[in-house]
Structure formats: C-alpha cells, structure tokens
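**Q** Below is the file data_25.cif, with mmCIF, C-alpha atoms.
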data_final
loop_
_atom_site.label_atom_id
_atom_site.label_comp_id
_atom_site.auth_asym_id
_atom_site.auth_seq_id
_atom_site.Cartn_x
_atom_site.Cartn_y
_atom_site.Cartn_z
CA MET A 19 51.62 72.53 101.84
CA LEU A 20 48.65 74.90 101.75
CA LYS A 21 47.22 73.63 98.51
CA SER A 22 47.61 69.90 98.99
CA PRO A 23 47.50 68.81 102.62
CA TRP A 24 47.46 65.01 102.71
CA VAL A 25 45.80 63.78 105.85
CA PHE A 26 46.64 60.71 107.87
CA HIS A 27 43.91 59.42 110.12
CA PHE A 28 44.87 57.99 113.51
CA SER A 29 42.33 56.70 115.99
CA THR A 30 43.56 56.53 119.58
CA GLY A 31 40.82 54.23 120.73
CA SER A 32 37.76 56.30 119.98
CA CYS A 33 34.20 55.00 119.77
CA ASN A 34 34.43 55.06 115.95
CA ASN A 35 31.89 57.85 115.66
CA CYS A 36 34.42 60.56 114.84
CA ASP A 37 36.18 58.17 112.44
CA ILE A 38 32.98 57.71 110.49
CA GLU A 39 32.50 61.46 110.32
CA VAL A 40 36.07 61.83 109.03
CA LEU A 41 35.36 59.25 106.33
CA ASP A 42 32.17 61.16 105.47
CA CYS A 43 34.36 64.05 104.32
CA LEU A 44 35.67 61.86 101.50
CA THR A 45 32.21 60.97 100.21
CA PRO A 46 30.57 62.69 97.19
CA ARG A 47 28.48 65.00 99.37
CA PHE A 48 31.42 66.72 101.08
CA ASP A 49 34.40 65.78 98.87
CA ILE A 50 37.50 67.27 100.48
CA GLU A 51 39.50 66.51 97.33
CA ARG A 52 38.21 69.95 96.19
CA PHE A 53 40.80 71.43 98.55
CA GLY A 54 43.44 68.97 97.37
CA MET A 55 43.22 66.81 100.47
CA LEU A 56 43.85 63.11 100.08
CA LEU A 57 43.80 60.36 102.65
CA ALA A 58 47.46 59.35 102.88
CA PRO A 59 48.00 55.61 103.27
CA SER A 60 51.35 55.88 105.07
CA ILE A 61 52.52 58.27 107.77
CA LYS A 62 55.60 59.08 105.66
CA HIS A 63 53.33 60.74 103.07
CA ALA A 64 51.29 62.75 105.57
CA ASP A 65 51.14 66.50 106.13
CA VAL A 66 48.31 66.55 108.64
CA ILE A 67 47.59 63.94 111.32
CA LEU A 68 43.93 63.73 112.32
CA VAL A 69 43.62 62.34 115.82
CA THR A 70 40.31 61.04 117.13
CA GLY A 71 39.57 59.58 120.54
CA SER A 72 40.94 59.99 124.04
CA CYS A 73 44.58 59.03 124.22
CA ASN A 74 44.94 56.08 126.57
CA ARG A 75 48.15 54.74 128.05
CA LYS A 76 48.76 52.32 125.17
CA SER A 77 48.00 54.59 122.23
CA ALA A 78 49.75 57.69 123.61
CA VAL A 79 53.14 56.00 123.10
CA ARG A 80 52.23 55.02 119.57
CA LEU A 81 50.92 58.48 118.72
CA LYS A 82 54.18 59.99 119.87
CA ARG A 83 56.14 57.55 117.72
CA LEU A 84 53.93 58.30 114.71
CA TYR A 85 54.44 62.01 115.17
CA GLU A 86 58.20 61.52 115.28
CA GLN A 87 58.08 59.43 112.08
CA ALA A 88 56.11 62.01 110.12
CA PRO A 89 58.21 64.18 107.80
CA LYS A 90 58.22 67.77 109.06
CA PRO A 91 56.52 70.22 108.57
CA CYS A 92 53.59 68.27 109.94
CA LEU A 93 50.39 69.49 111.62
CA VAL A 94 48.11 67.80 114.13
CA VAL A 95 44.35 68.25 114.26
CA ALA A 96 42.34 67.00 117.23
CA ILE A 97 38.84 65.89 116.26
CA GLY A 98 36.04 65.33 118.75
CA GLU A 99 35.46 66.02 122.42
CA CYS A 100 37.51 63.00 123.58
CA SER A 101 40.76 64.14 121.99
CA LEU A 102 40.18 67.77 122.98
CA SER A 103 39.59 67.29 126.68
CA ARG A 104 39.17 63.51 127.18
CA GLY A 105 35.37 64.03 127.29
CA MET A 106 33.61 61.53 129.52
CA PHE A 107 36.90 59.73 130.19
CA ILE A 108 38.35 62.68 132.09
CA TYR A 109 38.42 60.78 135.41
CA SER A 110 39.43 57.48 133.81
CA TYR A 111 42.52 55.72 135.19
CA ASN A 112 43.52 54.95 131.59
CA CYS A 113 43.58 58.49 130.17
CA PRO A 114 46.24 60.33 132.16
CA VAL A 115 46.80 63.38 129.90
CA PRO A 116 44.88 65.18 127.15
CA LEU A 117 46.17 65.07 123.59
CA ASP A 118 47.91 68.45 123.56
CA LYS A 119 50.18 67.37 126.43
CA ILE A 120 51.53 64.58 124.19
CA VAL A 121 51.99 66.24 120.78
CA PRO A 122 51.58 69.90 119.73
CA VAL A 123 48.06 70.40 118.37
CA ASP A 124 47.39 73.01 115.67
CA ALA A 125 43.60 72.93 115.43
CA TYR A 126 40.80 71.73 117.66
CA ILE A 127 37.46 70.62 116.21
CA PRO A 128 34.89 70.15 119.01
CA GLY A 129 31.73 68.06 118.84
CA CYS A 130 30.65 64.59 119.80
CA PRO A 131 31.00 63.71 116.98
CA PRO A 132 31.74 66.89 114.97
CA LYS A 133 29.72 67.21 111.77
CA PRO A 134 31.61 66.82 108.49
CA GLU A 135 30.90 70.50 107.84
CA ALA A 136 32.66 71.32 111.11
CA ILE A 137 35.67 69.22 110.10
CA ILE A 138 35.90 70.93 106.71
CA SER A 139 35.59 74.36 108.31
CA GLY A 140 38.30 73.38 110.80
CA ALA A 141 40.58 72.32 107.96
CA VAL A 142 39.96 75.59 106.11
CA LYS A 143 40.67 77.56 109.30
CA LEU A 144 43.89 75.59 109.72
CA ILE A 145 44.98 76.60 106.22
CA GLU A 146 44.11 80.23 106.99
CA LYS A 147 46.09 80.00 110.21
CA ILE A 148 49.22 78.84 108.38
CA LYS A 149 48.81 81.65 105.86
CA GLY A 150 48.75 84.00 108.83
CA ASN A 151 45.31 85.44 108.19
CA LEU A 152 43.75 84.24 111.40
CA MET B 44 70.45 68.95 69.14
CA TYR B 45 69.85 65.79 71.15
CA VAL B 46 70.33 67.64 74.41
CA ILE B 47 67.57 70.06 73.41
CA TYR B 48 65.30 67.12 72.61
CA LEU B 49 66.19 65.49 75.93
CA ILE B 50 65.40 68.55 78.00
CA VAL B 51 62.60 70.28 76.08
CA TYR B 52 60.65 67.31 74.72
CA GLY B 53 61.77 64.42 76.88
CA PHE B 54 61.45 66.16 80.21
CA ILE B 55 59.52 69.45 80.16
CA LEU B 56 56.84 68.74 77.56
CA THR B 57 56.28 65.18 78.77
CA ALA B 58 56.08 66.32 82.38
CA ILE B 59 53.54 69.05 81.54
CA ILE B 60 51.33 66.73 79.49
CA GLY B 61 51.72 64.02 82.12
CA LEU B 62 50.60 66.36 84.91
CA ILE B 63 47.60 67.49 82.85
CA ALA B 64 46.81 63.83 82.14
CA SER B 65 46.95 63.01 85.82
CA TRP B 66 44.53 65.89 86.51
CA ILE B 67 42.15 64.56 83.81
CA ASP B 68 42.42 61.13 85.40
CA ARG B 69 41.55 62.43 88.87
CA LYS B 70 38.79 64.71 87.62
CA VAL B 71 37.11 61.94 85.60
CA THR B 72 37.40 59.60 88.58
CA ALA B 73 35.73 62.24 90.76
CA ARG B 74 32.93 62.84 88.25
CA ILE B 75 32.29 59.07 88.00
CA GLN B 76 31.86 59.01 91.77
CA TYR B 77 29.59 62.13 91.66
CA ARG B 78 32.27 64.26 93.31
CA LYS B 79 33.53 67.64 92.23
CA GLY B 80 37.19 66.76 91.93
CA PRO B 81 40.46 68.61 92.45
CA PRO B 82 41.37 71.99 90.91
CA PHE B 83 43.43 72.13 87.70
CA PHE B 84 46.84 72.78 89.24
CA GLN B 85 46.48 70.11 91.92
CA PRO B 86 49.10 67.63 90.54
CA VAL B 87 51.66 70.47 90.32
CA PHE B 88 50.95 71.54 93.90
CA ASP B 89 51.32 67.93 95.07
CA ILE B 90 54.74 67.60 93.45
CA LEU B 91 55.92 71.01 94.70
CA LYS B 92 54.74 70.29 98.23
CA LEU B 93 56.49 66.91 98.30
CA MET B 94 59.72 68.57 97.12
CA GLY B 95 59.61 70.84 100.16
CA LYS B 96 59.16 68.09 102.72
CA GLU B 97 61.74 66.35 104.82
CA THR B 98 63.29 63.16 103.39
CA LEU B 99 63.43 60.41 105.95
CA ILE B 100 65.62 57.35 105.59
CA PRO B 101 64.46 54.35 107.65
CA LYS B 102 66.88 52.68 110.03
CA GLY B 103 67.21 49.27 108.32
CA ALA B 104 67.42 50.64 104.79
CA SER B 105 70.43 50.60 102.50
CA LYS B 106 70.84 54.32 102.07
CA THR B 107 72.34 54.79 98.61
CA VAL B 108 70.05 52.35 96.80
CA PHE B 109 67.02 53.78 98.57
CA LEU B 110 67.86 57.29 97.38
CA VAL B 111 69.02 56.36 93.86
CA ALA B 112 66.07 54.11 92.94
CA PRO B 113 63.62 56.92 92.05
CA LEU B 114 66.26 58.58 89.87
CA ILE B 115 66.85 55.37 87.88
CA GLY B 116 63.18 55.02 87.01
CA PHE B 117 62.74 58.72 86.32
CA SER B 118 65.74 58.95 83.98
CA SER B 119 64.62 55.89 82.01
CA VAL B 120 61.18 57.47 81.47
CA VAL B 121 62.85 60.67 80.26
CA VAL B 122 64.99 58.69 77.81
CA VAL B 123 61.99 56.72 76.50
CA SER B 124 59.91 59.83 75.92
CA THR B 125 62.87 61.53 74.21
CA LEU B 126 63.25 58.56 71.83
CA LEU B 127 59.53 58.61 71.08
CA TRP B 128 59.46 62.37 70.43
CA VAL B 129 62.55 62.18 68.22
CA ASN B 130 60.98 59.46 66.12
CA ASN B 131 57.62 61.16 65.99
CA ASN B 132 58.89 64.60 64.95
CA ASN B 133 62.01 63.95 62.94
CA MET B 134 62.03 60.52 61.37
CA SER B 135 65.54 60.55 59.96
CA ASN B 136 67.04 60.23 63.45
CA SER B 137 65.86 56.71 64.15
CA PHE B 138 68.26 53.77 64.44
CA LEU B 139 67.91 50.03 63.91
CA GLY B 140 66.36 48.26 66.89
CA ASP B 141 65.10 51.33 68.76
CA ILE B 142 61.79 49.56 69.41
CA ILE B 143 63.72 46.94 71.42
CA VAL B 144 65.55 49.65 73.35
CA ILE B 145 62.25 51.33 74.20
CA PHE B 146 60.72 48.01 75.21
CA TYR B 147 63.51 47.35 77.70
CA LEU B 148 63.62 50.92 79.00
CA LEU B 149 59.89 50.70 79.72
CA ALA B 150 60.57 47.81 82.11
CA ILE B 151 63.00 49.92 84.16
CA PRO B 152 60.38 52.04 86.03
CA SER B 153 58.90 48.83 87.48
CA ILE B 154 62.38 47.61 88.34
CA SER B 155 63.21 50.90 90.07
CA ILE B 156 60.06 50.56 92.16
CA MET B 157 61.17 47.05 93.13
CA ILE B 158 64.69 48.20 94.01
CA GLY B 159 63.28 51.00 96.14
CA GLY B 160 60.84 48.65 97.83
CA PHE B 161 63.47 46.08 98.72
CA ALA B 162 65.99 48.72 99.81
CA SER B 163 63.62 50.40 102.26
CA GLY B 164 63.61 47.38 104.56
CA ASN B 165 59.93 47.60 105.38
CA PRO B 166 58.11 44.22 105.28
CA LEU B 167 55.11 45.72 103.50
CA SER B 168 57.41 47.24 100.87
CA ARG B 169 58.98 43.84 100.33
CA VAL B 170 55.60 42.21 99.81
CA GLY B 171 54.70 44.96 97.33
CA ALA B 172 58.01 44.68 95.50
CA SER B 173 57.73 40.90 95.16
CA ARG B 174 54.23 41.35 93.72
CA GLU B 175 55.63 43.90 91.28
CA ILE B 176 58.16 41.29 90.08
CA LYS B 177 55.42 38.72 89.55
CA LEU B 178 53.30 41.25 87.67
CA LEU B 179 56.30 42.20 85.49
CA LEU B 180 56.84 38.52 84.61
CA GLY B 181 53.14 38.29 83.83
CA TYR B 182 52.74 41.19 81.43
CA GLU B 183 56.05 41.16 79.55
CA LEU B 184 55.14 38.08 77.46
CA PRO B 185 51.85 39.41 75.99
CA PHE B 186 53.48 42.84 75.55
CA ILE B 187 56.27 41.37 73.38
CA LEU B 188 53.71 39.43 71.33
CA ALA B 189 51.54 42.52 70.85
CA ILE B 190 54.54 44.63 69.78
CA LEU B 191 55.38 41.91 67.22
CA VAL B 192 52.17 42.76 65.33
CA PRO B 193 53.24 46.22 64.05
CA ILE B 194 56.74 44.86 63.40
CA ILE B 195 55.34 42.09 61.17
CA LYS B 196 52.87 44.48 59.53
CA SER B 197 55.54 46.96 58.54
CA GLY B 198 57.56 44.25 56.79
CA PHE B 199 59.67 42.96 59.71
CA SER B 200 61.23 46.31 60.50
CA LEU B 201 62.69 47.06 63.93
CA ARG B 202 62.76 50.83 63.37
CA LEU B 203 60.01 53.05 64.72
CA GLU B 204 60.51 55.27 61.67
CA ASP B 205 59.42 52.50 59.28
CA ILE B 206 56.39 51.74 61.43
CA ILE B 207 55.26 55.38 61.42
CA SER B 208 55.90 55.97 57.71
CA TYR B 209 54.17 52.69 56.77
CA GLN B 210 51.10 53.80 58.71
CA ALA B 211 51.24 57.25 57.13
CA GLN B 212 50.96 55.62 53.69
CA ASN B 213 48.67 52.64 54.32
CA GLY B 214 46.49 53.75 57.25
CA ALA B 215 46.82 52.94 60.95
CA PHE B 216 47.34 49.35 62.08
CA ALA B 217 44.29 49.62 64.34
CA THR B 218 42.08 49.35 61.23
CA TYR B 219 43.21 45.73 60.80
CA ALA B 220 41.80 42.87 62.89
CA SER B 221 45.24 41.94 64.22
CA GLY B 222 45.99 45.57 65.10
CA ILE B 223 42.76 45.92 67.09
CA LEU B 224 43.45 42.72 69.07
CA ALA B 225 47.02 43.79 69.79
CA LEU B 226 45.80 47.23 70.88
CA PHE B 227 43.42 45.65 73.40
CA VAL B 228 46.26 43.49 74.74
CA CYS B 229 48.46 46.57 75.03
CA ILE B 230 45.79 48.50 76.94
CA ALA B 231 45.58 45.69 79.51
CA VAL B 232 49.39 45.65 79.76
CA ILE B 233 49.55 49.45 80.16
CA GLN B 234 47.08 49.24 83.01
CA ALA B 235 49.47 46.89 84.81
CA LYS B 236 52.55 48.94 83.93
CA LEU B 237 50.95 52.06 85.40
CA GLY B 238 49.87 50.11 88.50
CA LEU B 239 46.23 51.12 88.14
CA VAL B 240 43.25 49.40 89.57
CA PRO B 241 42.62 45.94 88.30
CA PHE B 242 46.35 45.26 88.58
CA ASP B 243 47.37 47.52 91.46
CA SER B 244 48.11 44.70 93.89
CA PRO B 245 51.75 45.90 94.28
CA GLU B 246 50.44 49.14 95.80
CA ALA B 247 47.16 47.90 97.25
CA GLU B 248 46.41 50.77 99.61
CA THR B 249 43.86 48.91 101.69
CA GLU B 250 45.99 45.86 102.43
CA ILE B 251 49.71 46.68 102.26
CA ILE B 252 49.39 50.48 102.71
CA ALA B 253 51.28 51.76 99.65
CA GLY B 254 53.54 48.83 98.85
CA PRO B 255 57.05 49.88 97.82
CA MET B 256 56.22 53.55 98.49
CA VAL B 257 55.58 53.12 102.22
CA GLU B 258 58.92 54.48 103.41
CA TYR B 259 59.36 57.16 100.75
CA SER B 260 58.78 60.75 101.78
CA GLY B 261 59.64 64.16 100.41
CA THR B 262 61.69 64.34 97.23
CA GLY B 263 61.87 60.59 96.59
CA LEU B 264 58.10 60.31 96.62
CA ALA B 265 57.81 63.42 94.43
CA ILE B 266 60.11 61.88 91.82
CA PHE B 267 58.15 58.62 91.89
CA ARG B 268 54.88 60.51 91.43
CA LEU B 269 56.30 62.58 88.59
CA MET B 270 57.57 59.35 87.01
CA LYS B 271 54.10 57.80 87.20
CA ASN B 272 52.50 60.93 85.73
CA MET B 273 55.00 60.97 82.88
CA LEU B 274 54.37 57.28 82.24
CA LEU B 275 50.69 58.18 81.98
CA PHE B 276 51.68 60.12 78.87
CA THR B 277 54.59 58.03 77.58
CA LEU B 278 52.86 54.64 77.45
CA PRO B 279 49.74 55.79 75.53
CA PHE B 280 52.10 57.76 73.25
CA PHE B 281 54.01 54.54 72.48
CA LEU B 282 50.71 52.79 71.65
CA ILE B 283 49.64 55.69 69.43
CA ILE B 284 52.91 55.42 67.50
CA LEU B 285 52.61 51.64 67.20
CA PHE B 286 48.94 51.29 66.31
CA LEU B 287 47.31 54.66 65.62
CA GLY B 288 49.81 56.35 63.32
CA GLY B 289 51.68 58.67 65.67
CA LEU B 290 50.98 62.24 66.74
CA ASN B 291 50.96 64.90 64.04
CA PHE B 292 51.19 68.60 64.87
CA ASP B 293 50.48 70.51 61.68
CA GLY B 294 47.16 72.16 61.04
CA ILE B 295 43.97 70.29 61.80
CA HIS B 296 45.93 67.11 62.68
CA ILE B 297 46.71 68.53 66.11
CA LEU B 298 43.03 68.02 66.98
CA TYR B 299 43.07 64.39 65.82
CA SER B 300 46.25 63.77 67.81
CA ALA B 301 44.68 65.21 70.97
CA ILE B 302 41.56 63.11 70.43
CA LYS B 303 43.60 59.92 69.99
CA TYR B 304 45.48 60.53 73.23
CA ILE B 305 42.48 61.62 75.29
CA ILE B 306 40.41 58.62 74.19
CA LEU B 307 43.20 56.25 75.25
CA LEU B 308 43.50 58.10 78.56
CA LEU B 309 39.74 57.90 79.15
CA VAL B 310 39.74 54.16 78.42
CA ILE B 311 42.50 53.70 81.00
CA THR B 312 40.59 55.79 83.57
CA LEU B 313 37.30 54.01 82.95
CA ILE B 314 38.90 50.56 83.30
CA ARG B 315 40.48 51.80 86.52
CA ASN B 316 37.18 53.01 87.95
CA THR B 317 34.92 50.14 87.02
CA ASN B 318 37.00 47.17 88.16
CA PRO B 319 37.85 45.58 91.48
CA ARG B 320 41.43 44.71 92.35
CA LEU B 321 42.65 41.29 91.22
CA ARG B 322 44.73 39.11 93.50
CA ILE B 323 48.27 38.61 92.22
CA ASP B 324 47.60 34.98 91.19
CA GLN B 325 44.43 36.01 89.35
CA ALA B 326 46.36 38.76 87.55
CA MET B 327 49.09 36.28 86.54
CA ARG B 328 46.46 33.80 85.29
CA PHE B 329 44.75 36.60 83.37
CA PHE B 330 47.96 37.68 81.64
CA TRP B 331 49.33 34.23 80.87
CA GLY B 332 45.92 32.85 79.89
CA PRO B 333 43.44 34.95 77.91
CA VAL B 334 45.69 37.95 77.19
CA THR B 335 48.56 35.87 75.84
CA GLY B 336 46.03 33.82 73.84
CA VAL B 337 44.61 36.95 72.23
CA ALA B 338 48.13 38.23 71.53
CA VAL B 339 49.09 34.93 69.82
CA ILE B 340 45.93 35.10 67.69
CA ALA B 341 46.82 38.69 66.76
CA VAL B 342 50.34 37.64 65.72
CA ILE B 343 48.95 34.76 63.60
CA LEU B 344 46.47 37.12 61.95
CA ALA B 345 49.26 39.59 61.26
CA VAL B 346 51.38 36.88 59.61
CA LEU B 347 48.38 35.95 57.46
CA GLY B 348 48.07 39.61 56.47
CA LYS B 349 44.73 40.40 58.08
#
Give the structure from the file, written as structure tokens.
**A**
Amino acid sequence: MLKSPWVFHFSTGSCNNCDIEVLDCLTPRFDIERFGMLLAPSIKHADVILVTGSCNRKSAVRLKRLYEQAPKPCLVVAIGECSLSRGMFIYSYNCPVPLDKIVPVDAYIPGCPPKPEAIISGAVKLIEKIKGNL
Amino acid sequence: MYVIYLIVYGFILTAIIGLIASWIDRKVTARIQYRKGPPFFQPVFDILKLMGKETLIPKGASKTVFLVAPLIGFSSVVVVSTLLWVNNNNMSNSFLGDIIVIFYLLAIPSISIMIGGFASGNPLSRVGASREIKLLLGYELPFILAILVPIIKSGFSLRLEDIISYQAQNGAFATYASGILALFVCIAVIQAKLGLVPFDSPEAETEIIAGPMVEYSGTGLAIFRLMKNMLLFTLPFFLIILFLGGLNFDGIHILYSAIKYIILLLVITLIRNTNPRLRIDQAMRFFWGPVTGVAVIAVILAVLGK
C-alpha cells in the first residue's frame, strides 16, 4: 500500500486545469512511477482516489458511489481550491457541501491549480502520514 | 521428484524471473519515454499490496466462476513452466506429444481471462472477453504452423527432448531460413498472447477501461498479474527451447542463456513501445493474412530442408 499506491482520477466537474496538472505528474519531467504510482483504469484497482473540482449536486452522488465501490483500504486526496473549499463556487446553488462532508478526505493539496510539484509533495506527505511519521 | 519440480522450478523460479522480467519491461518502457522508471522491487510490492486488498464481487456476477477463473489460468501457467523446465534440465523425463500438451495449456490463460470477463457481468468486460476470443482464433493458426517448423526439422518428432538434443548436435533452428521466419511469426503471436500493445485490444485501457479485468480487485487481480508476469518468462522460454537451443546452466553457457532471454524480452518491449494499438479486425487480418503466409512459407522451406 505504501510502496505502490495506484491512483484513480475523478473529476467532479472541474475546469480541467487541475486535471491537466494531475496528468503532468505522469509525464517524463515529473514521473510519479518512481514512487510506484500508476494511473488505475478501473476504480476496483484503485488505492487512492484523486478528486478535482467542486462537487455539484450531480457528481456528489456519483463520487459517493465510487467511494463505496473502491476496495478498502482506500484513501481520498482533494486536489485544488474547488474541492478543498468550493473556491469561487462557495455561494453557488449547485455546490451545497464541500468534498470532506461527502467522503472522508486524507490529504488536501491547495492551489488553483496546484503545481505538479505540490501534488507530488502531497502524495509523499500522504505516504508519510500512513507510516505515522507526520 | 515431480512435486519438487512443480514447486521449485514451475512456481518459485518462474515467478521470480517473471517479476524481474516485468521490472525490466517497465524500466525499459520508462527509459524509452525519457522517464526514470520504477524501483527494482516494484512488481513484488504491487503483487503484495493487491493480496492485502479487499476482494469485491459484483452484484450480477456468477460468484464461483468469477473467483475460480484466475486460478485456472495461473495453474496452467505453472504446469507449462514445469514441463519446460523438466525438459530443459533433465531430458529423460519427456513423453511423446508433450509439445501438443504445452501448446494447448498455453491457450488456457487466455481462456481463463475470457471466463473471468464473462462471469463478472460487466458490459465492458464482455466486450473485452469477446475480443480476446477473436484474437485467440486469430493467432492459434500461425502459432501451430510456426511450431510445425521445429517438429519437421527434428525429423517429425513430437517430443521436446528430441528437439533440444537435435539442436545441441546440429546448431539452433534459428540459423536456418525457415527457423528465422517461424521465430518472427512466434514473436508476433507471443505479443498477442501476452496482450501487449499492438494486440492489446482486449484490455484497451483508453476505450474499455481494462477489459476483462475491470471488476477484479484484490487477490484475483494479483493472481492475474502474477500469471501475466510468469507468462512473460514462460513464452520466451518456450521459443528459446524451440528455436534457440534451450537454456543451459553450466559454466559460461549461463551468460549465453541470459543473453538469449533478455534479447527476446527487449524485442517484445520495443515492439510494445513503438506501435499503436490495432483494431480487432485489423489484428485478425494481420494474423490470418501476412503472418499465416509467412508461417506457411516457413513450413514449406522446412520441408525442403532449408
């Protein structure tokens, strides 16, 4: 679990900016396969769910279902200002609750969008947190 | 005696070499893409982690078949590698027709993937499993023809022992024109049997997620991955026995054996990294057209003694 976290990427209606930064982590420059991370194609293979975007009324239901389908132990990482605190959509009629009211979140990575370095450092901190060092 | 072979050679040694091979595969892929690549023990960690995860059974699945399917494929791979090791190390233990037995056992991993895909009840799995069937129909014909070449060369013998000892006396079959052609055919077939990139339409990750593997989690997925990694050793090993004279482990020959295997592995990895994915109809046309043609030419050349 610590050495090979496979990540599953779920976008709850974000502006695609965080998603592109997540994909950047797979590119030669950042290469998260060094830490054994792979992008899992199916939720049944996932250890970590990366959530980007502010959860709206439609996607909150689906996120909850995805989380229930994931084999436990499973972690959730919130990426970007929108999924942390709903960002600029905080007064929107369509975003009733922030992400951590829907599923338990293990790590928060702020930024709009967060840099790939920030995402990698967040992932490393998450691993440290599970080890109990942080 | 046979139990020792089954456990030590068939399972443990094959699994270790298979895991190392899968690391080489991933590392070379990463270096081709100018990445750094995973650490050495990564495949082991992947398997161990998957063993510790929860196993979920989807609602519409038929439970027993879904759980048994990985075991069927895995056990057939263990049996195949045991047969190959027995023949390679101790030639007196071979029996008439073992090449046919191995040929059929090598089809079972694909069949187990199909069974698992259909049993899981997921529409994407079903699409992947039906593609796997089509691919199996495609590559079996050229594979039989290519295997005929060493059989003809060694004087119409169906024993692996005769094939190895003939090559030990008269040089490897890959030095003949027919042997080279058959080896090329076999490399294309292996690529499809392993489900690697030009022929990975059963598991196309970008269109049907992971094909038959979609619903597998935890131990089932771990066994499937271990099976694939072991196949990554077993199939090139079969080719080495058929065309390149087998693996030899005394003295300096251990180096030659390692070189033979690593070159085959690198060829597989390079083909995987430099090709786009073929549609299933293109793959079928490729196997029944040019590949079968080359295999027929190889068989004719072998009959003529070239």
**Q** Please provide the set of residues having any atom within 10 Å of stretch 40-56 of chain A, restricted to all atoms listed in the file, with same-chain residues fewer than 2 positions apart removed, written as JSON, numbers by chain.
**A** {"A": [19, 20, 21, 22, 23, 24, 25, 26, 27, 34, 35, 36, 37, 38, 58, 59, 64, 65, 66, 68, 70, 97, 131, 132, 133, 134, 135, 137, 138, 141, 142], "B": [69, 70, 73, 74, 76, 77, 78, 79, 80, 81, 82, 84, 85, 86, 88, 89]}
**Q** Please evaluate the PyMOL selection byres ((chain A and resi 117) around 10) against the displayed coordinates and give the resulting residues as a list of chain:residue names.
**A**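 Checked against the file, the PyMOL selection byres ((chain A and resi 117) around 10) matches A:Thr30, A:Val69, A:Thr70, A:Gly71, A:Ser72, A:Cys73, A:Asn74, A:Ala78, A:Leu81, A:Ala96, A:Cys100, A:Ser101, A:Leu102, A:Ser103, A:Arg104, A:Cys113, A:Pro114, A:Val115, A:Pro116, A:Asp118, A:Lys119, A:Ile120, A:Val121, A:Pro122, A:Val123.
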**Q** Do you know which residues are at most 8 Å from stretch 192-198 of chain B counting only C-alpha atoms, after dropping those on the same chain fewer than 4 positions away, and could you put them as a list of chain:residue names?
**A**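 Surrounding residues, per the criterion: B:Leu188, B:Asp205, B:Ile206, B:Tyr209, B:Phe216, B:Ser221, B:Gly222, B:Ala225, B:Leu285, B:Phe286, B:Ala341, B:Val342, B:Ala345, B:Val346, B:Gly348.
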**Q** With all atoms listed in the file as the basis for distance, which of A:Asn112, A:Glu99, A:Val94, A:Gln87 is at the shortest distance from chain B?
**A**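 Selected residue with least distance to chain B: A:Gln87.
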**Q** Can you spell out as a list of chain:residue names the set of residues that the PyMOL selection byres ((chain B and resi 245) around 7) selects in the structure I just provided?
**A**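 When the PyMOL selection byres ((chain B and resi 245) around 7) is applied, the selected residues are B:Gly171, B:Ala172, B:Arg174, B:Glu175, B:Asp243, B:Ser244, B:Glu246, B:Ala247, B:Gly254.
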**Q** Can you write stretch 116-132 of chain A from the block above with N, CA and C atoms, as a compact mmCIF listing (two decimals), in the first residue's frame?
**A**
# COMPACT_ATOMS: atom_id res chain seq x y z
N PRO A 116 -18.96 21.04 0.84
CA PRO A 116 -17.59 20.75 0.37
C PRO A 116 -17.32 19.25 0.33
N LEU A 117 -16.19 18.89 -0.25
CA LEU A 117 -15.89 17.48 -0.51
C LEU A 117 -15.83 16.65 0.76
N ASP A 118 -15.21 17.23 1.84
CA ASP A 118 -14.99 16.38 3.01
C ASP A 118 -16.25 16.16 3.82
N LYS A 119 -17.38 16.77 3.41
CA LYS A 119 -18.67 16.39 4.02
C LYS A 119 -19.27 15.19 3.31
N ILE A 120 -18.74 14.83 2.13
CA ILE A 120 -19.30 13.72 1.36
C ILE A 120 -18.52 12.43 1.61
N VAL A 121 -17.19 12.49 1.43
CA VAL A 121 -16.35 11.32 1.71
C VAL A 121 -15.22 11.77 2.62
N PRO A 122 -14.65 10.87 3.42
CA PRO A 122 -13.51 11.25 4.27
C PRO A 122 -12.27 11.54 3.41
N VAL A 123 -11.67 12.70 3.62
CA VAL A 123 -10.51 13.11 2.83
C VAL A 123 -9.25 12.95 3.67
N ASP A 124 -8.21 12.36 3.07
CA ASP A 124 -6.97 12.10 3.80
C ASP A 124 -5.91 13.16 3.57
N ALA A 125 -5.91 13.81 2.42
CA ALA A 125 -4.91 14.84 2.17
C ALA A 125 -5.52 15.94 1.33
N TYR A 126 -5.12 17.18 1.64
CA TYR A 126 -5.62 18.32 0.89
C TYR A 126 -4.44 18.96 0.17
N ILE A 127 -4.56 19.22 -1.12
CA ILE A 127 -3.50 19.87 -1.87
C ILE A 127 -4.06 21.18 -2.42
N PRO A 128 -3.75 22.33 -1.79
CA PRO A 128 -4.33 23.59 -2.25
C PRO A 128 -3.63 24.13 -3.50
N GLY A 129 -4.25 25.13 -4.10
CA GLY A 129 -3.70 25.74 -5.30
C GLY A 129 -4.76 25.82 -6.37
N CYS A 130 -4.59 26.77 -7.28
CA CYS A 130 -5.62 26.92 -8.32
C CYS A 130 -4.95 27.19 -9.66
N PRO A 131 -4.50 26.19 -10.35
CA PRO A 131 -4.35 24.78 -9.95
C PRO A 131 -3.06 24.57 -9.17
N PRO A 132 -2.95 23.48 -8.37
CA PRO A 132 -1.69 23.17 -7.70
C PRO A 132 -0.65 22.76 -8.72
